[in-house]
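Structure, as structure tokens:
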Amino acid sequence: MTPQAALLDDLATLLGKGGLLTEADDMERYRVDWPGHHGAEPLAVARPSTTRQVANVVGYCHRHDIPLVPQGGHSGLVGGALPDADHPELVVSLERMAAIRHVDPINFTMSVDGGCILQSVKDAAEAADCDFPLSLGAQGSCQIGGNVSTNAGGLNVLRYGMMRQLVLGLEVVLPDGRIYNGMKALHKNNTGYDLKQLFIGAEGTLGIVTGAVLKLFPRPQVSRTALLACPNVDAVLELYALARRSCCDLLTAFELVPRTCLELAMEAAPDLRDPLDAPAPVYVLMEVAASGPLDLDAMIETLFERGFEAGALTDGVLAASETQARNLWHIREAMLEGQRNRGEHLRTDVSIPISSLSAFHQRASEEIQSLCPQATIIAYGHIGDGNLHFNILPPPGLGADERSTLLHELEERLFEIVDDFDGSISAEHGIGRFKQSAFMEMLSEPEYDIMRGLKHLLDPRGLMSPGRILPRPAE
């Protein structure tokens, strides 16, 4: 028996029937992520159904020096879960670990498997008259383990924080196969180092998240969605400050949507209609929600009045029904499809201090247009947490190599501007492999030493998601 055959035979024994995929056709979907990036064919795809099986597989890989990469819903945007082309890897998919373990509506917590789909978590919370507020475009396919490992953000960070703020406890299979059980449903626990935070945002490089205790909230009883037209980004920031004050702490989303994004959305979804009578340079899509009988309409009307008086608001529409609210949010979803339909483009995920967003937007727009006047800038995002998706559509008609070179040059310049504003090149998507080069250029020596030290401590053989975030050690 060849070493490859022996490996597959051992893994099949550890995982049982249906637990291991080895045929190329069966493994194809694990090679391609949501944006369409392709990875290499993996050694195999392990599909454990229990935490113990995950531990057995990881321990086996540790003993036999087999690199592996955990994979959730495969909706990441930085190539972190794609199998490596230069170093064959075992894909470990948690898709068969999708259980809701326990819901506690009095403690406002929920314990789930790492492979549980985000939408299933949200549905289970709603059934218990609670809310799990993480809201992503991929929530019908992304998994909680991936949300934890990438420190997912989404639309409601403004009010509820990122995944880091929504996790109370974790269960993690460490790179040597041991199980770290930190599944405590405690809202306060001040006993030394907060170990779970090591794994949140680590992108699967320090272990595989097999379980999580999530923080729940009272289910909103009433919500209001509005689309507001503004003359420029400065006005959007002024309106945001007014909204934070007019709507108390009930503001859950405040999204910047330029006119170009609205047009992309209508292009991708022909059923969409222009929601206002006249076009505006930029729009705000906002939502306010409360779990009690509060008069949200009065709050938003006050915001409208103050916005018009300040000149920050030129028009707006308040959804009168859930259907109208869904139609407004459909704009946000469809514009992503509109971008993807345009082919390869620069997709960024930068974070800037909120008060500097307008200055950054203006400078970045001017410099990118100077470098490539034919490029189309698609800059939208989560104003309330300083996260701007400054995306760039290249001019049509470029060859593949020419387009790739141009996008790389534009990204380099954009990241230099981000650095000038003391920002971050990744607000929520992570580093993975695609942003590693830029990340390493901006990493200080102390930061690198700490990260490298943690990686070596937990994964001294470098087998867990090697080459993600930090480069592989020199061989």
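Scheme for the structure tokens: letters A, B, ... for chains in order shown; per-chain residue numbers from 1; ligand numbers from 1 in order shown.
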Check your understanding: Where in range 22-112 of chain A does DSSP assign helix (DSSP H, G or I), given as number ranges by chain?
Key -> A: 24-30, 51-63
Exercise for review: Give the strand (DSSP E) residues of range 313-418 of chain A, as assigned by DSSP on the backbone, as an MDAnalysis selection string.
Suggested key: chainID A and resid 315:318 350:351 376:382 387:393
Could you list, with a cut-off of 10 Å and counting only C-alpha atoms, the residues of range 247-336 of chain A near range 214-224 of chain A, each shown with its nearest atom pair and the distance in Å rounded to one decimal, rows sorted by chain and ascending number, as a Markdown table?
| residue | atom | partner | partner_atom | distance |
| --- | --- | --- | --- | --- |
| A:Leu250 | CA | A:Ser223 | CA | 9.3 |
| A:Leu251 | CA | A:Arg224 | CA | 9.8 |
| A:Thr252 | CA | A:Ser223 | CA | 9.5 |
| A:Met286 | CA | A:Arg224 | CA | 8.3 |
| A:Glu287 | CA | A:Arg224 | CA | 5.6 |
| A:Val288 | CA | A:Arg224 | CA | 5.3 |
| A:Ala289 | CA | A:Ser223 | CA | 4.0 |
| A:Ala290 | CA | A:Pro220 | CA | 5.0 |
| A:Ser291 | CA | A:Pro220 | CA | 4.0 |
| A:Gly292 | CA | A:Gln221 | CA | 6.2 |
| A:Pro293 | CA | A:Val222 | CA | 7.5 |
| A:Leu294 | CA | A:Val222 | CA | 8.1 |
| A:Asp295 | CA | A:Val222 | CA | 9.2 |
| A:Leu296 | CA | A:Arg224 | CA | 6.9 |
| A:Asp297 | CA | A:Arg224 | CA | 7.4 |
| A:Ile300 | CA | A:Arg224 | CA | 8.5 |
| A:Leu318 | CA | A:Arg224 | CA | 7.4 |
| A:Ala319 | CA | A:Arg224 | CA | 6.8 |
| A:Ala320 | CA | A:Arg224 | CA | 8.2 |
| A:Ser321 | CA | A:Arg224 | CA | 8.7 |
| A:Glu322 | CA | A:Arg224 | CA | 8.7 |
| A:Ala325 | CA | A:Arg224 | CA | 7.6 |
For the selection just defined, write its residues with N, CA and C atoms to a file, as a PDB file, in the first residue's frame.
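Output contents, as saved in out-v5.pdb:
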ATOM      1  N   LEU A 250     -30.550  52.953  19.862  1.00  0.00           N
ATOM      2  CA  LEU A 250     -31.385  52.007  19.125  1.00  0.00           C
ATOM      3  C   LEU A 250     -30.979  51.887  17.659  1.00  0.00           C
ATOM      4  N   LEU A 251     -29.986  52.646  17.242  1.00  0.00           N
ATOM      5  CA  LEU A 251     -29.523  52.596  15.859  1.00  0.00           C
ATOM      6  C   LEU A 251     -28.751  51.303  15.638  1.00  0.00           C
ATOM      7  N   THR A 252     -29.238  50.440  14.748  1.00  0.00           N
ATOM      8  CA  THR A 252     -28.577  49.149  14.523  1.00  0.00           C
ATOM      9  C   THR A 252     -27.755  49.115  13.243  1.00  0.00           C
ATOM     10  N   MET A 286     -30.499  53.027   6.748  1.00  0.00           N
ATOM     11  CA  MET A 286     -30.398  52.933   8.199  1.00  0.00           C
ATOM     12  C   MET A 286     -31.551  52.134   8.782  1.00  0.00           C
ATOM     13  N   GLU A 287     -31.285  51.562   9.949  1.00  0.00           N
ATOM     14  CA  GLU A 287     -32.303  50.794  10.655  1.00  0.00           C
ATOM     15  C   GLU A 287     -32.245  51.122  12.138  1.00  0.00           C
ATOM     16  N   VAL A 288     -33.430  51.253  12.734  1.00  0.00           N
ATOM     17  CA  VAL A 288     -33.577  51.460  14.166  1.00  0.00           C
ATOM     18  C   VAL A 288     -34.477  50.352  14.685  1.00  0.00           C
ATOM     19  N   ALA A 289     -34.136  49.744  15.820  1.00  0.00           N
ATOM     20  CA  ALA A 289     -34.937  48.636  16.345  1.00  0.00           C
ATOM     21  C   ALA A 289     -35.005  48.728  17.860  1.00  0.00           C
ATOM     22  N   ALA A 290     -36.127  48.249  18.420  1.00  0.00           N
ATOM     23  CA  ALA A 290     -36.315  48.260  19.866  1.00  0.00           C
ATOM     24  C   ALA A 290     -37.077  47.013  20.280  1.00  0.00           C
ATOM     25  N   SER A 291     -36.804  46.557  21.485  1.00  0.00           N
ATOM     26  CA  SER A 291     -37.498  45.382  22.016  1.00  0.00           C
ATOM     27  C   SER A 291     -38.702  45.762  22.865  1.00  0.00           C
ATOM     28  N   GLY A 292     -38.951  47.047  23.000  1.00  0.00           N
ATOM     29  CA  GLY A 292     -40.109  47.516  23.759  1.00  0.00           C
ATOM     30  C   GLY A 292     -40.978  48.437  22.926  1.00  0.00           C
ATOM     31  N   PRO A 293     -42.103  48.882  23.479  1.00  0.00           N
ATOM     32  CA  PRO A 293     -43.085  49.698  22.721  1.00  0.00           C
ATOM     33  C   PRO A 293     -42.660  51.155  22.627  1.00  0.00           C
ATOM     34  N   LEU A 294     -41.576  51.415  21.918  1.00  0.00           N
ATOM     35  CA  LEU A 294     -41.090  52.777  21.762  1.00  0.00           C
ATOM     36  C   LEU A 294     -41.580  53.371  20.443  1.00  0.00           C
ATOM     37  N   ASP A 295     -41.677  54.688  20.397  1.00  0.00           N
ATOM     38  CA  ASP A 295     -42.150  55.379  19.206  1.00  0.00           C
ATOM     39  C   ASP A 295     -40.949  55.669  18.293  1.00  0.00           C
ATOM     40  N   LEU A 296     -40.587  54.688  17.484  1.00  0.00           N
ATOM     41  CA  LEU A 296     -39.431  54.852  16.596  1.00  0.00           C
ATOM     42  C   LEU A 296     -39.716  55.856  15.487  1.00  0.00           C
ATOM     43  N   ASP A 297     -40.991  55.902  15.036  1.00  0.00           N
ATOM     44  CA  ASP A 297     -41.338  56.857  13.974  1.00  0.00           C
ATOM     45  C   ASP A 297     -41.034  58.287  14.408  1.00  0.00           C
ATOM     46  N   ILE A 300     -37.289  58.939  14.190  1.00  0.00           N
ATOM     47  CA  ILE A 300     -36.791  59.128  12.831  1.00  0.00           C
ATOM     48  C   ILE A 300     -37.293  60.442  12.250  1.00  0.00           C
ATOM     49  N   LEU A 318     -39.231  56.478   4.453  1.00  0.00           N
ATOM     50  CA  LEU A 318     -39.333  55.579   5.599  1.00  0.00           C
ATOM     51  C   LEU A 318     -40.219  54.410   5.202  1.00  0.00           C
ATOM     52  N   ALA A 319     -39.698  53.196   5.309  1.00  0.00           N
ATOM     53  CA  ALA A 319     -40.474  52.014   4.925  1.00  0.00           C
ATOM     54  C   ALA A 319     -41.737  51.931   5.775  1.00  0.00           C
ATOM     55  N   ALA A 320     -42.863  51.738   5.110  1.00  0.00           N
ATOM     56  CA  ALA A 320     -44.151  51.692   5.803  1.00  0.00           C
ATOM     57  C   ALA A 320     -44.580  50.279   6.144  1.00  0.00           C
ATOM     58  N   SER A 321     -43.821  49.291   5.687  1.00  0.00           N
ATOM     59  CA  SER A 321     -44.171  47.895   5.946  1.00  0.00           C
ATOM     60  C   SER A 321     -42.906  47.053   5.921  1.00  0.00           C
ATOM     61  N   GLU A 322     -43.013  45.808   6.373  1.00  0.00           N
ATOM     62  CA  GLU A 322     -41.873  44.903   6.326  1.00  0.00           C
ATOM     63  C   GLU A 322     -41.459  44.634   4.884  1.00  0.00           C
ATOM     64  N   ALA A 325     -39.424  47.493   3.749  1.00  0.00           N
ATOM     65  CA  ALA A 325     -38.112  47.442   4.395  1.00  0.00           C
ATOM     66  C   ALA A 325     -37.222  46.412   3.715  1.00  0.00           C
TER      67      ALA A 325
END
Check your understanding: Any idea what's packed within 9 Å of range 434-440 of chain A, counting only C-alpha atoms, ignoring anything in its chain fewer than 3 positions away? Could you give it as a PyMOL selection string?
Key -> chain A and resi 77-80+412+415+425-426+430-431+443-444+448+467-471
**Study point:** Long-range neighbours of Arg245 in chain A as a list of chain:residue names, 12 Å cut-off, only C-alpha atoms, 3 positions minimum in chain
**Key:** A:Glu238, A:Leu239, A:Tyr240, A:Ala241, A:Leu242, A:Cys248, A:Asp249, A:Leu250, A:Leu251, A:Met299, A:Ile300, A:Thr302, A:Leu303, A:Arg306, A:Gly307
Check your understanding: CA of Met27 in chain A and CA of Leu82 in chain A are how many Å apart?
Key ->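 Between CA of Met27 in chain A and CA of Leu82 in chain A the gap is 11.8 Å.
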Check your understanding: Residues at most 10 Å from Phe421 in chain A, counting only C-alpha atoms, excluding those fewer than 4 positions away in the same chain, as number ranges by chain?
Key -> A: 351-353, 356-357, 359-360, 415-417
For C-alpha atoms, I'd like the residues from the last selection saved as a compact mmCIF listing (two decimals), in the first residue's frame.
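Here's the written file part_14.txt:
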# COMPACT_ATOMS: atom_id res chain seq x y z
CA SER A 351 -11.11 50.63 8.53
CA ILE A 352 -10.65 54.33 9.19
CA PRO A 353 -11.48 56.49 12.23
CA SER A 356 -11.66 60.79 9.05
CA LEU A 357 -13.83 58.83 6.62
CA ALA A 359 -11.16 63.01 4.13
CA PHE A 360 -9.99 59.48 3.35
CA PHE A 415 -3.24 50.73 1.39
CA GLU A 416 -0.55 53.41 1.61
CA ILE A 417 -3.31 56.00 2.01
Shell around Thr51 in chain A at 10 Å using only C-alpha atoms, local window under 5 positions removed, as an mmCIF file with all heavy atoms, in the first residue's frame:
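result.cif was written with the following content:
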data_model
loop_
_atom_site.group_PDB
_atom_site.id
_atom_site.type_symbol
_atom_site.label_atom_id
_atom_site.label_comp_id
_atom_site.auth_asym_id
_atom_site.auth_seq_id
_atom_site.Cartn_x
_atom_site.Cartn_y
_atom_site.Cartn_z
ATOM 1 N N ASN A 56 -9.516 13.411 16.655
ATOM 2 C CA ASN A 56 -8.805 12.231 16.159
ATOM 3 C C ASN A 56 -8.092 12.529 14.840
ATOM 4 O O ASN A 56 -6.943 12.116 14.624
ATOM 5 C CB ASN A 56 -9.776 11.062 15.981
ATOM 6 C CG ASN A 56 -10.269 10.501 17.310
ATOM 7 O OD1 ASN A 56 -9.650 10.724 18.353
ATOM 8 N ND2 ASN A 56 -11.379 9.789 17.281
ATOM 9 N N VAL A 57 -8.781 13.231 13.952
ATOM 10 C CA VAL A 57 -8.184 13.564 12.655
ATOM 11 C C VAL A 57 -7.001 14.514 12.828
ATOM 12 O O VAL A 57 -5.931 14.316 12.251
ATOM 13 C CB VAL A 57 -9.243 14.182 11.719
ATOM 14 C CG1 VAL A 57 -8.580 14.797 10.479
ATOM 15 C CG2 VAL A 57 -10.257 13.135 11.299
ATOM 16 N N LEU A 94 -16.560 21.166 8.590
ATOM 17 C CA LEU A 94 -17.432 20.922 9.743
ATOM 18 C C LEU A 94 -18.910 20.890 9.357
ATOM 19 O O LEU A 94 -19.782 21.031 10.206
ATOM 20 C CB LEU A 94 -17.207 21.998 10.809
ATOM 21 C CG LEU A 94 -15.822 22.072 11.448
ATOM 22 C CD1 LEU A 94 -15.866 22.970 12.678
ATOM 23 C CD2 LEU A 94 -15.295 20.709 11.826
ATOM 24 N N MET A 97 -21.335 18.950 11.420
ATOM 25 C CA MET A 97 -21.470 19.345 12.827
ATOM 26 C C MET A 97 -22.294 20.624 12.896
ATOM 27 O O MET A 97 -21.758 21.722 13.027
ATOM 28 C CB MET A 97 -20.090 19.542 13.466
ATOM 29 C CG MET A 97 -19.263 18.273 13.510
ATOM 30 S SD MET A 97 -17.629 18.537 14.246
ATOM 31 C CE MET A 97 -18.058 19.163 15.874
ATOM 32 N N ASP A 113 -22.814 23.839 17.637
ATOM 33 C CA ASP A 113 -21.661 23.248 16.970
ATOM 34 C C ASP A 113 -20.970 24.287 16.093
ATOM 35 O O ASP A 113 -21.605 25.238 15.591
ATOM 36 C CB ASP A 113 -22.101 22.090 16.062
ATOM 37 C CG ASP A 113 -22.371 20.808 16.817
ATOM 38 O OD1 ASP A 113 -22.079 20.754 18.025
ATOM 39 O OD2 ASP A 113 -22.879 19.857 16.189
ATOM 40 N N GLY A 114 -19.687 24.069 15.827
ATOM 41 C CA GLY A 114 -18.941 24.984 14.978
ATOM 42 C C GLY A 114 -19.431 25.036 13.547
ATOM 43 O O GLY A 114 -19.251 26.037 12.864
ATOM 44 N N GLU A 171 -15.202 25.946 22.239
ATOM 45 C CA GLU A 171 -14.583 24.615 22.239
ATOM 46 C C GLU A 171 -13.696 24.555 21.007
ATOM 47 O O GLU A 171 -14.160 24.828 19.892
ATOM 48 C CB GLU A 171 -15.668 23.542 22.181
ATOM 49 C CG GLU A 171 -15.160 22.120 22.085
ATOM 50 C CD GLU A 171 -16.315 21.160 21.897
ATOM 51 O OE1 GLU A 171 -16.782 21.020 20.731
ATOM 52 O OE2 GLU A 171 -16.773 20.572 22.887
ATOM 53 N N VAL A 172 -12.424 24.233 21.209
ATOM 54 C CA VAL A 172 -11.459 24.285 20.111
ATOM 55 C C VAL A 172 -10.587 23.038 20.133
ATOM 56 O O VAL A 172 -10.079 22.649 21.194
ATOM 57 C CB VAL A 172 -10.550 25.538 20.222
ATOM 58 C CG1 VAL A 172 -9.586 25.600 19.040
ATOM 59 C CG2 VAL A 172 -11.384 26.806 20.305
ATOM 60 N N VAL A 173 -10.412 22.425 18.967
ATOM 61 C CA VAL A 173 -9.433 21.344 18.824
ATOM 62 C C VAL A 173 -8.097 21.989 18.482
ATOM 63 O O VAL A 173 -7.960 22.668 17.456
ATOM 64 C CB VAL A 173 -9.856 20.337 17.752
ATOM 65 C CG1 VAL A 173 -8.740 19.317 17.508
ATOM 66 C CG2 VAL A 173 -11.134 19.620 18.167
ATOM 67 N N ILE A 179 -8.328 18.858 23.089
ATOM 68 C CA ILE A 179 -9.544 19.656 23.044
ATOM 69 C C ILE A 179 -9.523 20.692 24.162
ATOM 70 O O ILE A 179 -9.408 20.333 25.348
ATOM 71 C CB ILE A 179 -10.802 18.773 23.181
ATOM 72 C CG1 ILE A 179 -10.857 17.746 22.045
ATOM 73 C CG2 ILE A 179 -12.064 19.632 23.193
ATOM 74 C CD1 ILE A 179 -11.958 16.708 22.218
ATOM 75 N N ILE A 208 -9.166 24.500 15.532
ATOM 76 C CA ILE A 208 -10.442 24.390 14.829
ATOM 77 C C ILE A 208 -11.568 24.589 15.833
ATOM 78 O O ILE A 208 -11.690 23.828 16.812
ATOM 79 C CB ILE A 208 -10.586 23.022 14.143
ATOM 80 C CG1 ILE A 208 -9.473 22.818 13.112
ATOM 81 C CG2 ILE A 208 -11.948 22.902 13.472
ATOM 82 C CD1 ILE A 208 -9.524 21.471 12.400
ATOM 83 N N VAL A 209 -12.395 25.595 15.607
ATOM 84 C CA VAL A 209 -13.520 25.891 16.496
ATOM 85 C C VAL A 209 -14.631 24.874 16.241
ATOM 86 O O VAL A 209 -15.216 24.838 15.155
ATOM 87 C CB VAL A 209 -14.046 27.318 16.272
ATOM 88 C CG1 VAL A 209 -15.292 27.573 17.114
ATOM 89 C CG2 VAL A 209 -12.958 28.339 16.605
ATOM 90 N N THR A 210 -14.916 24.042 17.244
ATOM 91 C CA THR A 210 -15.941 23.001 17.096
ATOM 92 C C THR A 210 -17.220 23.315 17.869
ATOM 93 O O THR A 210 -18.230 22.629 17.705
ATOM 94 C CB THR A 210 -15.395 21.650 17.573
ATOM 95 O OG1 THR A 210 -14.874 21.793 18.902
ATOM 96 C CG2 THR A 210 -14.288 21.163 16.644
ATOM 97 N N GLY A 211 -17.182 24.330 18.721
ATOM 98 C CA GLY A 211 -18.366 24.711 19.476
ATOM 99 C C GLY A 211 -18.242 26.124 19.980
ATOM 100 O O GLY A 211 -17.133 26.656 20.135
#
With only C-alpha atoms as the counted atoms, please give the residues lying no more than 6 Å from range 61-70 of chain A, apart from itself and same-chain residues fewer than 2 positions off, as a PDB file with N, CA and C atoms, in the first residue's frame.
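And here's selection_27.pdb as it stands now:
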ATOM      1  N   VAL A  58      -7.188  15.555  13.641  1.00  0.00           N
ATOM      2  CA  VAL A  58      -6.117  16.532  13.847  1.00  0.00           C
ATOM      3  C   VAL A  58      -4.916  15.866  14.538  1.00  0.00           C
ATOM      4  N   GLY A  59      -5.192  15.026  15.523  1.00  0.00           N
ATOM      5  CA  GLY A  59      -4.096  14.321  16.185  1.00  0.00           C
ATOM      6  C   GLY A  59      -3.332  13.422  15.229  1.00  0.00           C
ATOM      7  N   GLU A  89      -2.867  19.748   1.080  1.00  0.00           N
ATOM      8  CA  GLU A  89      -3.435  19.835   2.414  1.00  0.00           C
ATOM      9  C   GLU A  89      -4.703  18.986   2.520  1.00  0.00           C
ATOM     10  N   LEU A  90      -5.013  18.598   3.728  1.00  0.00           N
ATOM     11  CA  LEU A  90      -6.275  17.948   4.024  1.00  0.00           C
ATOM     12  C   LEU A  90      -7.290  19.026   4.390  1.00  0.00           C
ATOM     13  N   VAL A  91      -8.428  19.048   3.726  1.00  0.00           N
ATOM     14  CA  VAL A  91      -9.515  19.957   4.095  1.00  0.00           C
ATOM     15  C   VAL A  91     -10.332  19.289   5.196  1.00  0.00           C
ATOM     16  N   VAL A  92     -10.593  20.026   6.268  1.00  0.00           N
ATOM     17  CA  VAL A  92     -11.460  19.546   7.342  1.00  0.00           C
ATOM     18  C   VAL A  92     -12.722  20.400   7.332  1.00  0.00           C
ATOM     19  N   SER A  93     -13.814  19.827   6.852  1.00  0.00           N
ATOM     20  CA  SER A  93     -15.090  20.533   6.768  1.00  0.00           C
ATOM     21  C   SER A  93     -15.968  20.160   7.954  1.00  0.00           C
ATOM     22  N   ASP A 176      -2.438  19.878  18.113  1.00  0.00           N
ATOM     23  CA  ASP A 176      -1.918  18.552  18.441  1.00  0.00           C
ATOM     24  C   ASP A 176      -3.034  17.543  18.709  1.00  0.00           C
ATOM     25  N   LEU A 463       1.320  23.063  11.047  1.00  0.00           N
ATOM     26  CA  LEU A 463       0.444  22.241  10.216  1.00  0.00           C
ATOM     27  C   LEU A 463      -0.979  22.768  10.114  1.00  0.00           C
ATOM     28  N   MET A 464      -1.373  23.681  11.004  1.00  0.00           N
ATOM     29  CA  MET A 464      -2.749  24.158  11.039  1.00  0.00           C
ATOM     30  C   MET A 464      -2.883  25.423  10.190  1.00  0.00           C
ATOM     31  N   SER A 465      -3.584  25.316   9.063  1.00  0.00           N
ATOM     32  CA  SER A 465      -3.747  26.440   8.126  1.00  0.00           C
ATOM     33  C   SER A 465      -2.420  27.140   7.858  1.00  0.00           C
TER      34      SER A 465
END
Exercise for review: Determine the nearest neighbour of Pro88 in chain A from the options A:Glu441, A:Gly153, A:Leu43, A:Cys247, counting only C-alpha atoms.
Suggested key: A:Leu43
Check your understanding: Closest to Thr225 in chain A among A:Leu328, A:Leu166, A:Ala128, A:Leu198, using only C-alpha atoms?
Key ->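 Smallest distance to Thr225 in chain A is found for A:Leu328.
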Review point. Out of A:Leu414, A:Arg326, A:Asn232, A:Ile100, which residue has the shortest atom-to-atom distance to Gln369 in chain A when counting only C-alpha atoms?
Key: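 Ranked by minimum distance to Gln369 in chain A, first place goes to A:Leu414.
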Practice item. Give the answer as one residue: which of A:Pro175, A:Gly381, A:Pro394, A:Gly36 has the shortest atom-to-atom distance to Lys455 in chain A, using only C-alpha atoms? Key: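 Among the listed residues, A:Pro175 lies closest to Lys455 in chain A.
CA of Ala44 in chain A lies 13.6 Å from CA of Pro3 in chain A.
Using only C-alpha atoms, the shortest contact distance between Ala375 in chain A and any of A:Gln362, A:Thr205, A:Asn391, A:Gln143 is found at A:Asn391.
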